[in-house]
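**Student:** My questions will all concern the structure given below.
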Amino acid sequence: MIAAANTLPFMSDRRLVILRKADRMSADALGEIADYASNPNPDTTLVLVATKIARNLRVFKAIDALGGVAEYKAPAKRQYAQTVVGMFAERGKRVGLDAAEVLVRAVGYDLRRLSVEIEKVISYTGEENTLSREQIEQVMSTTAPTSIFDFLDALGSRDCRGAMRLLSALLDEGESIHGVHAMCVRHVRNLLSARALLERDDEGSAASLVSREVGVREWQARNLVNQARRFMPGELIDALRGAAESETKMKTSRDPRLAFERWVIEVCGS
């Protein structure tokens, strides 16, 4: 590798040498690269690619001294929406955090897939510079896999037909019925919390209160508030009890899907 880096470029001004999986090299080999970094070939760009590498290694310090260390770290999950806003900005488009969150919820935490879906959104919206949440939702509804959150919103809105349709799509795409059940329990608990907070403040600051107490974004809190208003507190308590009963039936029944679907219908129609 060092011989390749020291070789003069042929029919070009510079030579590019890329060493992948550098973190799998021995300490002695990395030490030789550190020695090379003290007097590198000015006509070669040597790139080391590593998943992780200790900062106290001599090779790291030698390359860092040349200003050549670049870290491409995936953002924390809570930072993905802001990252998507930045990815749109790099393409000359503006979106709000709530619109970016829709994309993250639909696509997941894969930056490459997010980049592809962003290009789809931009192609769909054409010359518009400011993109709305509704536009992104429209594109995602036709290009992205079914979202568990769409199903939860249908359940919370007591849209029985929509919930059953989305549930069928989720299961057809390989989603675990038990995983969906667990998400439903969490959503009903959040609805119950929102319903209780509504008793304190039914107007104005209810969404802000839910956002702070439940630990969700403001726009998600608004959704919870709107859905919670469709239930009486006792109905949500019954829904939680029914979820526990349905879980028992799902574990003992030969048809766990039927047991879960009956619970969904009860929640939507009770």
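Residues in the structure tokens are numbered from 1 in each chain, the chains being A, B, ... in the order shown, and ligands are numbered from 1 in the order shown.
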Just asking: which residues within segment 57-214 of chain A are helix (DSSP H, G or I) according to DSSP, as an MDAnalysis selection string?

**Tutor:** chainID A and resid 58:65 77:90 97:107 111:125 133:143 148:156 160:172 177:200 206:214

**Student:** Compile the contact shell of segment 23-32 of chain A as a VMD selection string: residues with an atom at most 8 Å away, counting only C-alpha atoms, same-chain residues fewer than 2 positions apart removed.

**Tutor:** chain A and resid 21 34 to 36 49 to 53 58 to 59

**Student:** Hey, which bits of segment 214-270 of chain A sit within 7 Å of segment 169-190 of chain A, and for each residue what's the closest pair of atoms and how far apart in Å (one decimal), counting only C-alpha atoms, rows by chain and increasing number, as JSON lines?

**Tutor:**
{"residue": "A:Val214", "atom": "CA", "partner": "A:Asn190", "partner_atom": "CA", "distance": 6.8}
{"residue": "A:Leu236", "atom": "CA", "partner": "A:Val188", "partner_atom": "CA", "distance": 6.7}
{"residue": "A:Leu240", "atom": "CA", "partner": "A:Val185", "partner_atom": "CA", "distance": 6.7}
{"residue": "A:Ala243", "atom": "CA", "partner": "A:Val185", "partner_atom": "CA", "distance": 6.7}
{"residue": "A:Arg257", "atom": "CA", "partner": "A:Ile177", "partner_atom": "CA", "distance": 6.8}

**Student:** Between A:Gly162, A:Pro233, A:Gly215, A:Gly242, single out the one closest to Ala196 of chain A, counting only C-alpha atoms.

**Tutor:** A:Pro233

**Student:** I need the residue nearest Gln220 of chain A from this list: A:Ala207, A:Met11, A:Ala65, A:Val17. Use only C-alpha atoms for the distance.

**Tutor:**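 The shortest atom-to-atom distance to Gln220 of chain A comes from A:Ala207.
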
**Student:** As a JSON list (two decimals) with N, CA and C atoms, in the first residue's frame, please: the residues near Ala37 of chain A (cut-off 7 Å, only C-alpha atoms, same-chain neighbours under 4 positions excluded).

**Tutor:**
[["chain", "number", "residue", "atom", "x", "y", "z"],
["A", 33, "ILE", "N", 2.14, 3.27, 8.50],
["A", 33, "ILE", "CA", 1.38, 4.34, 7.83],
["A", 33, "ILE", "C", 1.63, 5.67, 8.54],
["A", 62, "ALA", "N", -1.03, 11.25, 13.72],
["A", 62, "ALA", "CA", -0.22, 11.72, 12.59],
["A", 62, "ALA", "C", -1.10, 12.28, 11.47],
["A", 63, "ILE", "N", -2.20, 11.59, 11.18],
["A", 63, "ILE", "CA", -3.10, 12.06, 10.11],
["A", 63, "ILE", "C", -3.86, 13.29, 10.56]]

**Student:** Residues of segment 45-205 of chain A in strand (DSSP E or B) according to DSSP, as a ChimeraX atom specification?

**Tutor:** /A:45-48,94-95,130-131

**Student:** Let's have the selection written as a JSON list (two decimals), in the first residue's frame, with C-alpha atoms.

**Tutor:**
[["chain", "number", "residue", "atom", "x", "y", "z"],
["A", 45, "THR", "CA", -3.87, 11.33, -1.96],
["A", 46, "LEU", "CA", -3.99, 8.39, 0.43],
["A", 47, "VAL", "CA", -7.39, 7.66, 1.99],
["A", 48, "LEU", "CA", -7.84, 5.29, 4.93],
["A", 94, "ARG", "CA", -36.89, 24.29, 2.69],
["A", 95, "VAL", "CA", -38.96, 22.00, 4.92],
["A", 130, "THR", "CA", -40.72, 25.49, 0.31],
["A", 131, "LEU", "CA", -42.27, 22.06, 0.78]]

**Student:** What lies within 9 Å of Val225 of chain A using only C-alpha atoms, ignoring chain neighbours under 6 positions off, as a list in words?

**Tutor:**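 Those residues are Leu191, Ala194, Arg195, Leu198, Ala206, Ala207 and Val210 of chain A.
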
**Student:** Grab the atom CA of Thr125 of chain A to atom CA of Arg165 of chain A distance for me, in Å with one decimal place.

**Tutor:**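 Straight-line distance from atom CA of Thr125 of chain A to atom CA of Arg165 of chain A works out to 27.8 Å.
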
**Student:** Fewer than 2 positions away in the same chain doesn't count, so skip those; otherwise give me all residues within 10 Å of segment 105-115 of chain A, counting only C-alpha atoms, as an NGL selection string.

**Tutor:** :A and (74-77 or 80-81 or 83-84 or 87-88 or 100-103 or 117-121 or 137 or 140-141 or 143-150)

**Student:** Any chance you can output those residues with C-alpha atoms as a CSV table (one decimal), in the first residue's frame?

**Tutor:**
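Result file follows (out.csv):
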chain,number,residue,atom,x,y,z
A,74,ALA,CA,-24.7,8.9,11.9
A,75,PRO,CA,-26.8,11.3,13.9
A,76,ALA,CA,-28.6,10.3,17.1
A,77,LYS,CA,-32.2,9.2,16.4
A,80,TYR,CA,-32.6,12.7,12.2
A,81,ALA,CA,-35.4,15.2,11.5
A,83,THR,CA,-30.6,16.2,9.5
A,84,VAL,CA,-33.3,15.7,6.9
A,87,MET,CA,-30.4,17.5,3.4
A,88,PHE,CA,-33.2,19.3,1.8
A,100,ALA,CA,-39.0,16.1,8.0
A,101,GLU,CA,-40.3,13.9,10.9
A,102,VAL,CA,-42.9,12.5,8.5
A,103,LEU,CA,-40.1,11.3,6.2
A,117,GLU,CA,-36.7,9.5,-0.9
A,118,ILE,CA,-35.7,13.2,-0.7
A,119,GLU,CA,-34.9,13.1,-4.4
A,120,LYS,CA,-38.3,11.6,-5.1
A,121,VAL,CA,-40.0,14.3,-3.1
A,137,GLU,CA,-47.1,12.7,3.2
A,140,MET,CA,-44.6,8.8,1.1
A,141,SER,CA,-48.1,7.3,0.8
A,143,THR,CA,-43.5,5.3,-2.4
A,144,ALA,CA,-42.8,4.2,1.2
A,145,PRO,CA,-43.7,1.0,3.0
A,146,THR,CA,-46.8,1.1,5.2
A,147,SER,CA,-45.9,3.0,8.4
A,148,ILE,CA,-46.9,1.6,11.9
A,149,PHE,CA,-47.6,5.2,12.8
A,150,ASP,CA,-50.2,5.6,10.2
